[in-house]
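Data block for target-v3.pdb (PDB, C-alpha atoms):
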```
MODEL        1
ATOM      1  CA  MET A   1      21.796 -15.463 -34.751
ATOM      2  CA  SER A   2      19.613 -17.655 -32.554
ATOM      3  CA  ARG A   3      16.403 -19.277 -33.815
ATOM      4  CA  SER A   4      14.970 -19.510 -30.304
ATOM      5  CA  ARG A   5      11.167 -19.424 -30.188
ATOM      6  CA  VAL A   6       9.733 -16.189 -28.809
ATOM      7  CA  GLU A   7       6.283 -16.427 -27.202
ATOM      8  CA  THR A   8       3.838 -13.996 -25.647
ATOM      9  CA  ALA A   9       3.622 -14.664 -21.903
ATOM     10  CA  VAL A  10       1.076 -11.899 -21.264
ATOM     11  CA  ALA A  11      -0.748  -9.985 -23.988
ATOM     12  CA  SER A  12      -0.403  -6.711 -22.112
ATOM     13  CA  THR A  13      -0.590  -3.341 -23.843
ATOM     14  CA  ASP A  14       2.248  -1.621 -22.029
ATOM     15  CA  ILE A  15       3.149   1.853 -23.176
ATOM     16  CA  LEU A  16       6.622   1.390 -21.710
ATOM     17  CA  GLY A  17       6.994  -2.006 -20.040
ATOM     18  CA  GLU A  18      10.107  -2.265 -17.865
ATOM     19  CA  THR A  19      12.012  -3.833 -14.940
ATOM     20  CA  PRO A  20      10.893  -7.477 -14.984
ATOM     21  CA  LEU A  21      11.834  -9.351 -11.791
ATOM     22  CA  TRP A  22      11.223 -12.998 -10.910
ATOM     23  CA  CYS A  23      10.151 -13.533  -7.294
ATOM     24  CA  ASP A  24      11.282 -16.962  -6.098
ATOM     25  CA  ARG A  25       8.873 -16.784  -3.136
ATOM     26  CA  SER A  26       5.632 -16.080  -4.962
ATOM     27  CA  ARG A  27       6.911 -17.747  -8.156
ATOM     28  CA  LYS A  28       5.572 -14.811 -10.111
ATOM     29  CA  LEU A  29       7.039 -12.449 -12.655
ATOM     30  CA  TRP A  30       6.645  -8.782 -11.669
ATOM     31  CA  TRP A  31       7.063  -5.810 -13.994
ATOM     32  CA  ILE A  32       5.888  -2.240 -14.509
ATOM     33  CA  ASP A  33       4.529   0.029 -17.203
ATOM     34  CA  ILE A  34       6.409   3.292 -16.621
ATOM     35  CA  ASP A  35       4.130   5.632 -18.565
ATOM     36  CA  GLY A  36       0.978   3.692 -17.724
ATOM     37  CA  ARG A  37       1.952   3.818 -14.004
ATOM     38  CA  LEU A  38       1.098   0.133 -13.602
ATOM     39  CA  HIS A  39       2.631  -2.568 -11.380
ATOM     40  CA  GLN A  40       1.882  -6.042 -12.721
ATOM     41  CA  SER A  41       2.331  -9.701 -11.850
ATOM     42  CA  PHE A  42       2.114 -12.914 -13.863
ATOM     43  CA  ASP A  43       1.825 -16.442 -12.469
ATOM     44  CA  PRO A  44       3.037 -18.932 -15.129
ATOM     45  CA  ALA A  45       1.441 -21.823 -13.235
ATOM     46  CA  THR A  46      -2.078 -20.413 -13.460
ATOM     47  CA  GLY A  47      -1.804 -17.763 -16.157
ATOM     48  CA  ALA A  48      -3.131 -15.145 -13.722
ATOM     49  CA  HIS A  49      -2.235 -11.536 -14.578
ATOM     50  CA  HIS A  50      -2.883  -8.833 -11.970
ATOM     51  CA  VAL A  51      -2.485  -5.075 -12.371
ATOM     52  CA  TRP A  52      -2.268  -2.214  -9.836
ATOM     53  CA  SER A  53      -2.270   1.460 -10.836
ATOM     54  CA  TYR A  54      -0.525   4.379  -9.098
ATOM     55  CA  ASP A  55      -1.018   8.113  -8.855
ATOM     56  CA  CYS A  56       2.311   9.544 -10.008
ATOM     57  CA  GLN A  57       3.833  10.914 -13.166
ATOM     58  CA  PHE A  58       6.185   7.956 -13.744
ATOM     59  CA  LEU A  59       6.514   4.540 -12.118
ATOM     60  CA  GLY A  60      10.220   4.248 -12.858
ATOM     61  CA  SER A  61      11.346   0.834 -11.572
ATOM     62  CA  GLN A  62      10.951  -1.680  -8.747
ATOM     63  CA  ALA A  63      12.917  -3.915  -6.385
ATOM     64  CA  LEU A  64      12.098  -6.919  -4.207
ATOM     65  CA  THR A  65      12.746  -6.624  -0.470
ATOM     66  CA  ALA A  66      13.793  -9.062   2.238
ATOM     67  CA  ASP A  67      10.545  -8.592   4.179
ATOM     68  CA  GLY A  68       8.337  -9.421   1.185
ATOM     69  CA  THR A  69       7.309  -5.888   0.273
ATOM     70  CA  HIS A  70       8.259  -4.118  -2.947
ATOM     71  CA  LEU A  71      10.113  -0.868  -3.436
ATOM     72  CA  LEU A  72       8.559   1.193  -6.207
ATOM     73  CA  ALA A  73      10.285   4.178  -7.800
ATOM     74  CA  GLN A  74       7.673   6.901  -8.208
ATOM     75  CA  ASP A  75       9.084   9.990  -9.893
ATOM     76  CA  LEU A  76      12.153  10.812  -7.707
ATOM     77  CA  SER A  77      11.235   8.895  -4.525
ATOM     78  CA  LEU A  78      11.077   5.274  -3.408
ATOM     79  CA  PHE A  79       7.896   3.883  -1.824
ATOM     80  CA  ARG A  80       7.253   0.617   0.026
ATOM     81  CA  ARG A  81       4.260  -1.376  -1.097
ATOM     82  CA  LYS A  82       2.919  -3.952   1.385
ATOM     83  CA  PHE A  83       0.102  -5.460  -0.738
ATOM     84  CA  ASP A  84      -2.700  -4.528   1.598
ATOM     85  CA  ASP A  85      -5.295  -1.766   1.517
ATOM     86  CA  ALA A  86      -2.841   0.821   2.830
ATOM     87  CA  PRO A  87      -1.283   3.172   0.263
ATOM     88  CA  PRO A  88       2.451   2.798  -0.431
ATOM     89  CA  ALA A  89       4.622   4.465   2.211
ATOM     90  CA  ARG A  90       7.509   6.747   1.265
ATOM     91  CA  PHE A  91      10.848   5.062   1.939
ATOM     92  CA  CYS A  92      13.150   7.871   0.844
ATOM     93  CA  GLU A  93      13.582  10.730  -1.592
ATOM     94  CA  VAL A  94      16.526   9.917  -3.833
ATOM     95  CA  GLU A  95      16.846  13.208  -5.695
ATOM     96  CA  SER A  96      15.088  16.564  -5.974
ATOM     97  CA  GLY A  97      15.175  19.831  -7.861
ATOM     98  CA  LEU A  98      15.847  18.520 -11.374
ATOM     99  CA  ASP A  99      13.626  17.642 -14.325
ATOM    100  CA  ASN A 100      14.512  13.973 -13.819
ATOM    101  CA  ARG A 101      12.924  10.706 -12.773
ATOM    102  CA  LEU A 102      14.172   7.456 -11.318
ATOM    103  CA  ASN A 103      14.817   4.728 -13.858
ATOM    104  CA  ASP A 104      16.723   1.434 -13.844
ATOM    105  CA  GLY A 105      17.941  -0.172 -10.614
ATOM    106  CA  ARG A 106      19.358  -3.405  -9.199
ATOM    107  CA  VAL A 107      20.034  -4.853  -5.759
ATOM    108  CA  ASP A 108      23.480  -6.172  -4.821
ATOM    109  CA  ALA A 109      24.255  -9.244  -2.702
ATOM    110  CA  ARG A 110      24.433  -7.107   0.467
ATOM    111  CA  GLY A 111      20.900  -5.795  -0.017
ATOM    112  CA  ARG A 112      21.787  -2.293  -1.271
ATOM    113  CA  LEU A 113      19.783  -0.800  -4.131
ATOM    114  CA  TRP A 114      21.753   0.767  -6.979
ATOM    115  CA  ILE A 115      19.432   3.037  -8.930
ATOM    116  CA  GLY A 116      19.858   5.938 -11.308
ATOM    117  CA  THR A 117      18.003   8.955 -12.553
ATOM    118  CA  MET A 118      17.435  10.148 -16.100
ATOM    119  CA  ASP A 119      16.614  13.383 -17.904
ATOM    120  CA  ASN A 120      12.918  13.675 -18.732
ATOM    121  CA  GLN A 121      13.865  15.432 -21.989
ATOM    122  CA  LEU A 122      16.183  12.533 -22.995
ATOM    123  CA  HIS A 123      19.174  14.663 -23.994
ATOM    124  CA  ARG A 124      20.585  16.562 -20.977
ATOM    125  CA  PRO A 125      23.248  14.958 -18.717
ATOM    126  CA  ASN A 126      21.199  15.636 -15.569
ATOM    127  CA  GLY A 127      21.092  12.080 -14.201
ATOM    128  CA  SER A 128      23.176  10.314 -11.574
ATOM    129  CA  LEU A 129      23.792   6.866 -10.132
ATOM    130  CA  TYR A 130      22.892   6.344  -6.454
ATOM    131  CA  ARG A 131      23.448   3.643  -3.852
ATOM    132  CA  VAL A 132      20.523   3.358  -1.427
ATOM    133  CA  SER A 133      21.182   1.682   1.929
ATOM    134  CA  ALA A 134      18.810  -0.209   4.228
ATOM    135  CA  ASP A 135      18.087   2.924   6.269
ATOM    136  CA  GLY A 136      17.033   4.901   3.184
ATOM    137  CA  GLU A 137      20.222   6.920   2.748
ATOM    138  CA  ALA A 138      20.825   7.683  -0.944
ATOM    139  CA  MET A 139      24.466   8.357  -1.841
ATOM    140  CA  ARG A 140      25.303   9.865  -5.230
ATOM    141  CA  LEU A 141      28.185   7.970  -6.842
ATOM    142  CA  PHE A 142      28.587   9.876 -10.097
ATOM    143  CA  ASP A 143      26.605  12.244 -12.316
ATOM    144  CA  GLY A 144      26.600  13.315 -15.962
ATOM    145  CA  VAL A 145      24.103  10.600 -16.967
ATOM    146  CA  ILE A 146      21.418  11.114 -19.606
ATOM    147  CA  VAL A 147      19.422   7.863 -19.246
ATOM    148  CA  THR A 148      20.389   5.306 -16.581
ATOM    149  CA  ASN A 149      19.945   1.701 -17.694
ATOM    150  CA  GLY A 150      21.441  -1.787 -17.717
ATOM    151  CA  ILE A 151      22.587  -1.998 -14.082
ATOM    152  CA  ALA A 152      23.764  -5.559 -13.421
ATOM    153  CA  PHE A 153      26.253  -7.418 -11.235
ATOM    154  CA  ALA A 154      28.521 -10.236 -12.374
ATOM    155  CA  PRO A 155      27.948 -13.594 -10.618
ATOM    156  CA  ASP A 156      31.254 -13.284  -8.720
ATOM    157  CA  ASN A 157      30.181  -9.852  -7.368
ATOM    158  CA  ARG A 158      33.353  -8.231  -8.658
ATOM    159  CA  THR A 159      31.925  -6.288 -11.603
ATOM    160  CA  LEU A 160      29.122  -3.748 -11.997
ATOM    161  CA  TYR A 161      27.723  -3.033 -15.450
ATOM    162  CA  PHE A 162      26.087   0.313 -16.192
ATOM    163  CA  THR A 163      24.508   1.652 -19.390
ATOM    164  CA  ASP A 164      23.645   5.176 -20.480
ATOM    165  CA  THR A 165      21.180   4.540 -23.292
ATOM    166  CA  ARG A 166      21.394   8.020 -24.788
ATOM    167  CA  ARG A 167      25.188   8.065 -24.679
ATOM    168  CA  TYR A 168      25.020   4.717 -26.520
ATOM    169  CA  CYS A 169      27.510   3.069 -24.165
ATOM    170  CA  THR A 170      27.808   0.331 -21.568
ATOM    171  CA  TRP A 171      30.588   0.546 -18.979
ATOM    172  CA  LYS A 172      31.962  -1.871 -16.425
ATOM    173  CA  PHE A 173      33.406  -1.094 -13.001
ATOM    174  CA  ASP A 174      35.398  -3.043 -10.463
ATOM    175  CA  PHE A 175      32.985  -3.643  -7.594
ATOM    176  CA  ASP A 176      33.835  -4.178  -3.911
ATOM    177  CA  LEU A 177      30.896  -6.053  -2.421
ATOM    178  CA  ASP A 178      31.925  -5.516   1.210
ATOM    179  CA  ASP A 179      32.426  -1.756   0.951
ATOM    180  CA  GLY A 180      29.880  -1.057  -1.784
ATOM    181  CA  VAL A 181      32.477   0.888  -3.774
ATOM    182  CA  ILE A 182      32.990   0.982  -7.553
ATOM    183  CA  ARG A 183      36.281   1.844  -9.240
ATOM    184  CA  ASN A 184      38.111   1.672 -12.556
ATOM    185  CA  ARG A 185      35.353   2.672 -14.961
ATOM    186  CA  ARG A 186      36.047   1.481 -18.504
ATOM    187  CA  LEU A 187      34.117   1.007 -21.724
ATOM    188  CA  PHE A 188      32.468  -2.387 -22.234
ATOM    189  CA  ALA A 189      30.384  -1.767 -25.386
ATOM    190  CA  ASP A 190      30.261   1.349 -27.584
ATOM    191  CA  TYR A 191      27.384   2.130 -29.954
ATOM    192  CA  GLY A 192      28.346   5.724 -30.645
ATOM    193  CA  ALA A 193      28.733   5.166 -34.377
ATOM    194  CA  SER A 194      25.487   3.249 -34.921
ATOM    195  CA  LYS A 195      23.466   5.183 -32.302
ATOM    196  CA  GLU A 196      21.895   1.906 -31.126
ATOM    197  CA  ARG A 197      20.160   2.094 -27.760
ATOM    198  CA  PRO A 198      21.199  -0.540 -25.203
ATOM    199  CA  ASP A 199      18.486  -0.680 -22.542
ATOM    200  CA  GLY A 200      17.881  -3.059 -19.606
ATOM    201  CA  ALA A 201      20.214  -5.944 -18.792
ATOM    202  CA  SER A 202      20.558  -9.158 -16.788
ATOM    203  CA  VAL A 203      23.365 -11.654 -16.181
ATOM    204  CA  ASP A 204      23.268 -15.437 -16.452
ATOM    205  CA  VAL A 205      25.034 -18.053 -14.305
ATOM    206  CA  ASP A 206      28.038 -18.112 -16.661
ATOM    207  CA  GLY A 207      28.553 -14.351 -16.447
ATOM    208  CA  GLY A 208      26.978 -13.481 -19.782
ATOM    209  CA  LEU A 209      25.396 -10.032 -19.943
ATOM    210  CA  TRP A 210      22.040 -10.058 -21.742
ATOM    211  CA  THR A 211      20.967  -6.681 -23.132
ATOM    212  CA  ALA A 212      17.722  -5.491 -24.742
ATOM    213  CA  PHE A 213      18.048  -2.993 -27.591
ATOM    214  CA  PHE A 214      15.317  -0.369 -27.648
ATOM    215  CA  SER A 215      14.422   0.478 -31.252
ATOM    216  CA  GLY A 216      16.701  -2.442 -32.190
ATOM    217  CA  GLY A 217      14.274  -5.377 -32.176
ATOM    218  CA  ARG A 218      16.602  -7.849 -30.465
ATOM    219  CA  VAL A 219      18.323  -9.040 -27.328
ATOM    220  CA  ALA A 220      21.999  -9.977 -27.302
ATOM    221  CA  ARG A 221      24.335 -11.866 -24.972
ATOM    222  CA  TYR A 222      27.833 -10.557 -24.269
ATOM    223  CA  ARG A 223      30.602 -12.723 -22.918
ATOM    224  CA  PRO A 224      32.514 -11.169 -20.000
ATOM    225  CA  ASP A 225      35.226 -10.149 -22.490
ATOM    226  CA  GLY A 226      32.731  -7.935 -24.341
ATOM    227  CA  GLN A 227      32.214 -10.170 -27.389
ATOM    228  CA  ILE A 228      28.651 -10.918 -28.541
ATOM    229  CA  ASP A 229      28.024 -14.656 -28.809
ATOM    230  CA  LYS A 230      24.227 -14.790 -29.189
ATOM    231  CA  VAL A 231      21.585 -12.563 -30.782
ATOM    232  CA  ILE A 232      17.840 -13.255 -30.619
ATOM    233  CA  PRO A 233      15.621 -11.269 -33.019
ATOM    234  CA  LEU A 234      12.248 -10.261 -31.580
ATOM    235  CA  PRO A 235       8.865  -9.582 -33.217
ATOM    236  CA  VAL A 236       8.826  -6.064 -31.740
ATOM    237  CA  THR A 237      10.869  -2.929 -32.370
ATOM    238  CA  ASN A 238      11.145  -1.845 -28.741
ATOM    239  CA  PRO A 239      12.283  -4.461 -26.216
ATOM    240  CA  THR A 240      13.143  -2.670 -22.989
ATOM    241  CA  CYS A 241      14.441  -4.994 -20.286
ATOM    242  CA  LEU A 242      14.803  -8.667 -19.430
ATOM    243  CA  CYS A 243      15.272 -11.150 -16.602
ATOM    244  CA  PHE A 244      15.428 -14.883 -16.042
ATOM    245  CA  GLY A 245      12.508 -16.576 -14.318
ATOM    246  CA  GLY A 246      10.470 -19.732 -13.979
ATOM    247  CA  ARG A 247      11.114 -22.493 -11.454
ATOM    248  CA  ASP A 248      14.504 -23.325 -12.978
ATOM    249  CA  LEU A 249      15.351 -19.723 -13.965
ATOM    250  CA  LYS A 250      15.674 -20.835 -17.589
ATOM    251  CA  THR A 251      12.966 -18.630 -19.099
ATOM    252  CA  LEU A 252      14.106 -15.254 -20.396
ATOM    253  CA  PHE A 253      11.263 -12.766 -19.895
ATOM    254  CA  VAL A 254      11.408  -9.581 -21.995
ATOM    255  CA  THR A 255       9.331  -6.443 -21.464
ATOM    256  CA  THR A 256       8.418  -4.338 -24.496
ATOM    257  CA  ALA A 257       6.964  -0.941 -25.384
ATOM    258  CA  ARG A 258       4.336   0.564 -27.685
ATOM    259  CA  LYS A 259       5.807   4.011 -27.086
ATOM    260  CA  PHE A 260       7.072   5.881 -30.166
ATOM    261  CA  LEU A 261       5.327   3.439 -32.564
ATOM    262  CA  ASP A 262       2.757   4.900 -34.941
ATOM    263  CA  ARG A 263      -0.532   3.275 -35.913
ATOM    264  CA  GLN A 264       0.998   1.548 -38.934
ATOM    265  CA  GLN A 265       3.869   0.059 -36.897
ATOM    266  CA  LEU A 266       1.487  -1.132 -34.216
ATOM    267  CA  GLY A 267      -0.543  -2.893 -36.891
ATOM    268  CA  ILE A 268       2.572  -4.698 -38.066
ATOM    269  CA  GLU A 269       3.696  -5.541 -34.503
ATOM    270  CA  PRO A 270       0.734  -7.038 -32.617
ATOM    271  CA  GLN A 271       3.075  -8.154 -29.806
ATOM    272  CA  ALA A 272       4.360  -4.637 -29.089
ATOM    273  CA  GLY A 273       3.698  -3.914 -25.419
ATOM    274  CA  HIS A 274       3.466  -7.624 -24.536
ATOM    275  CA  LEU A 275       5.513  -9.511 -21.970
ATOM    276  CA  LEU A 276       7.546 -12.002 -24.016
ATOM    277  CA  ALA A 277       9.134 -15.312 -22.999
ATOM    278  CA  ILE A 278      12.069 -17.202 -24.525
ATOM    279  CA  HIS A 279      12.753 -20.674 -23.131
ATOM    280  CA  GLY A 280      16.028 -22.511 -22.625
ATOM    281  CA  VAL A 281      18.586 -20.000 -23.908
ATOM    282  CA  ALA A 282      20.476 -19.755 -20.585
ATOM    283  CA  GLN A 283      19.979 -19.975 -16.827
ATOM    284  CA  GLY A 284      19.743 -16.922 -14.640
ATOM    285  CA  LEU A 285      20.408 -16.125 -10.998
ATOM    286  CA  PRO A 286      17.936 -15.326  -8.195
ATOM    287  CA  GLU A 287      17.293 -11.629  -7.665
ATOM    288  CA  HIS A 288      18.795 -10.087  -4.550
ATOM    289  CA  ARG A 289      16.464  -8.292  -2.149
ATOM    290  CA  VAL A 290      16.731  -4.903  -0.487
ATOM    291  CA  SER A 291      17.544  -5.243   3.222
ATOM    292  CA  ILE A 292      14.961  -2.925   4.764
ATOM    293  CA  ASP A 293      15.896  -1.447   8.145
ATOM    294  CA  PRO A 294      13.015  -2.427  10.498
ATOM    295  CA  CYS A 295      13.294   0.995  12.144
ATOM    296  CA  GLY A 296      12.642   2.657   8.786
ATOM    297  CA  PRO A 297      14.583   5.399   6.994
ATOM    298  CA  THR A 298      16.640   7.825   9.014
ATOM    299  CA  PRO A 299      14.777  11.165   9.306
ATOM    300  CA  PRO A 300      16.470  14.060   7.473
ATOM    301  CA  GLY A 301      18.650  16.348   9.552
TER     302      GLY A 301
ENDMDL
END
```
Same coordinates, now as structure tokens:
Amino acid sequence: MSRSRVETAVASTDILGETPLWCDRSRKLWWIDIDGRLHQSFDPATGAHHVWSYDCQFLGSQALTADGTHLLAQDLSLFRRKFDDAPPARFCEVESGLDNRLNDGRVDARGRLWIGTMDNQLHRPNGSLYRVSADGEAMRLFDGVIVTNGIAFAPDNRTLYFTDTRRYCTWKFDFDLDDGVIRNRRLFADYGASKERPDGASVDVDGGLWTAFFSGGRVARYRPDGQIDKVIPLPVTNPTCLCFGGRDLKTLFVTTARKFLDRQQLGIEPQAGHLLAIHGVAQGLPEHRVSIDPCGPTPPG
């Protein structure tokens, strides 16, 4: 059990904070509030916190792109945001026809976005994992998912981690970076007995997988062999996701949620919904960026 000091980086009031990403160009931390439909940035050098709101039901996740824009998952489609007065432009529709929404995603070292859907009712296996290419083509890789989470790539680009929060499991796959193919799915961590909820994840330079536990009040580090070697208790019940940031990538940023907490719990947890920071526990890796096709997505048909 680590005694690392946990600080508030931004005293936000996120209903469901998620998907923190460190941008090495702007040197800012970006994250979203899914239910609040907010896209946010934090500059550690100045303390500036900026917020943009969107007209959708859910703002599911985000990704950095090679051309400096952002991809934002709104409901079941991806939109490009260019940070000007123009509204976000649709990049592609990932899925349709189900009571789902886009949730966790991650970009691989070839610039492909791996993103999954989840059941809006949180119990039906309606979700799938997709691989989205530079031209906006979304390929379904497998289905039967309840809540997609914890997508992460090992530093050697040979392993993909994937979590289904409501199946209480994290799996690992063999990953072929050149072909973008995953094989040999096997169990990495099983919480079926305890019904703990592994949520978002990130890897460090040594291959450790850091996982936030929603409703579990902690983050934990797994060695590549699946053994936990570090646990950091948090002052909130619902951590959601995490990433490494700061100039040296040695600050672990953790998003949190006020969702599902009653008035009494919120009184006990004043940091619920805040962006948290933990310094010096490990060093992360730069985020990969989506390689956007300059010609735009391929039209359907």
For this session: Find the residues with any atom within 9 Å of (2.4, -0.7, -3.2); use all atoms listed in the file and the coordinates as given in the file, and write the answer as a ChimeraX atom specification.
Result: /A:39,52,54,69-72,79-84,86-89
For this session: Please evaluate the PyMOL selection byres ((chain A and resi 137) around 9) against the structure above and give the resulting residues as number ranges by chain.
Result: A: 92-94, 131-136, 138-139, 297-298
For this session: Just say which residues the PyMOL selection byres ((chain A and resi 287) around 12) picks in this file, as a VMD selection string.
Result: chain A and resid 19 to 25 29 to 30 62 to 66 105 to 111 113 152 to 153 155 202 to 204 243 to 245 249 284 to 286 288 to 290
Near-Ile34 of chain A list (8 Å; only C-alpha atoms; drop same-chain fewer than 3 positions) as a PDB file with C-alpha atoms, keeping the file's coordinate frame:
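Now in result-v5.pdb:
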```
ATOM      1  CA  ILE A  15       3.149   1.853 -23.176  1.00  0.00           C
ATOM      2  CA  LEU A  16       6.622   1.390 -21.710  1.00  0.00           C
ATOM      3  CA  GLY A  17       6.994  -2.006 -20.040  1.00  0.00           C
ATOM      4  CA  GLU A  18      10.107  -2.265 -17.865  1.00  0.00           C
ATOM      5  CA  ARG A  37       1.952   3.818 -14.004  1.00  0.00           C
ATOM      6  CA  LEU A  38       1.098   0.133 -13.602  1.00  0.00           C
ATOM      7  CA  PHE A  58       6.185   7.956 -13.744  1.00  0.00           C
ATOM      8  CA  LEU A  59       6.514   4.540 -12.118  1.00  0.00           C
ATOM      9  CA  GLY A  60      10.220   4.248 -12.858  1.00  0.00           C
ATOM     10  CA  SER A  61      11.346   0.834 -11.572  1.00  0.00           C
TER      11      SER A  61
END
```
Exercise. If the PyMOL selection byres ((chain A and resi 213) around 9) is run on the structure shown, which residues does it catch, given as a PyMOL selection string?
Worked result: chain A and resi 196-200+211-212+214-220+237-241
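Going from atom CA of Leu261 of chain A to atom CA of Val6 of chain A covers 20.5 Å.
When atom CA of Glu269 of chain A is paired with atom CA of Arg166 of chain A, their separation reads 24.3 Å.
Between atom CA of Arg5 of chain A and atom CA of Lys195 of chain A lies a distance of 27.6 Å.
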For this session: Select, from A:Cys169, A:Asn157, A:Phe91, A:Arg263, the residue with the minimum atom-to-atom distance to Asp293 of chain A, counting all atoms listed in the file.
Result: A:Phe91
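The smallest atom-to-atom distance between Lys230 of chain A and any of A:Asp262, A:Val281, A:Asp33, A:Gly246, using all atoms listed in the file, is found for A:Val281.
Comparing the minimum interatomic distances between Thr159 of chain A and each of A:Val51, A:Leu177, A:Ile32, A:Ala282, counting all atoms listed in the file, we find that A:Leu177 sits nearest.
Taking all atoms listed in the file into account, Tyr191 of chain A lies nearest to A:Trp171 out of the set A:Gly208, A:Ile146, A:Thr46, A:Trp171.
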